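Below is one structure, written out as structure tokens; the observations come after it.
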Amino acid sequence: MSNGRPFRRSHRSMGDLFSQVEDQPIPGGCDACNAFQTVTTIDTGIHSLTVHHDDWCPLLRSRYAGTN
């Protein structure tokens, strides 16, 4: 998703940015529920972004049902 602004790289690495938010809830991630996201470091330079949906989320339910 783009906000129309050009992406500017700073002198920081993505790892530096991810370490600032690691294991902290980041609002958003799903338009159908009140989801939040977390970033976890798997290994040096490898990170995982997980979206935590609400139990009642229709998008998540349809995904598990195989209809999405």
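Starting from 1 in every chain, residues are counted up; chains themselves are A, B, ... following the order of the structure tokens, and ligands are numbered from 1 as listed.
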Name the residues in contact with A:Gly29 at a cut-off of 12 Å, using only C-alpha atoms, excluding same-chain residues fewer than 3 positions from it; report them as a VMD selection string. chain A and resid 1 25 to 26 32 to 38 49 to 54 57 59 to 60
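Contact shell of A:Val21 at 12 Å (only C-alpha atoms; same-chain neighbours under 6 positions omitted): Met14, Gly15, Pro27, Gln37, Thr38, Val39, Thr40, Thr41, His47, Ser48 and Leu49 of chain A.
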Taking the DSSP assignment computed from this structure's backbone, write out as a PyMOL selection string all residues of stretch 19-60 of chain A that belong to strand (DSSP E). chain A and resi 26-27+36-43+46-52
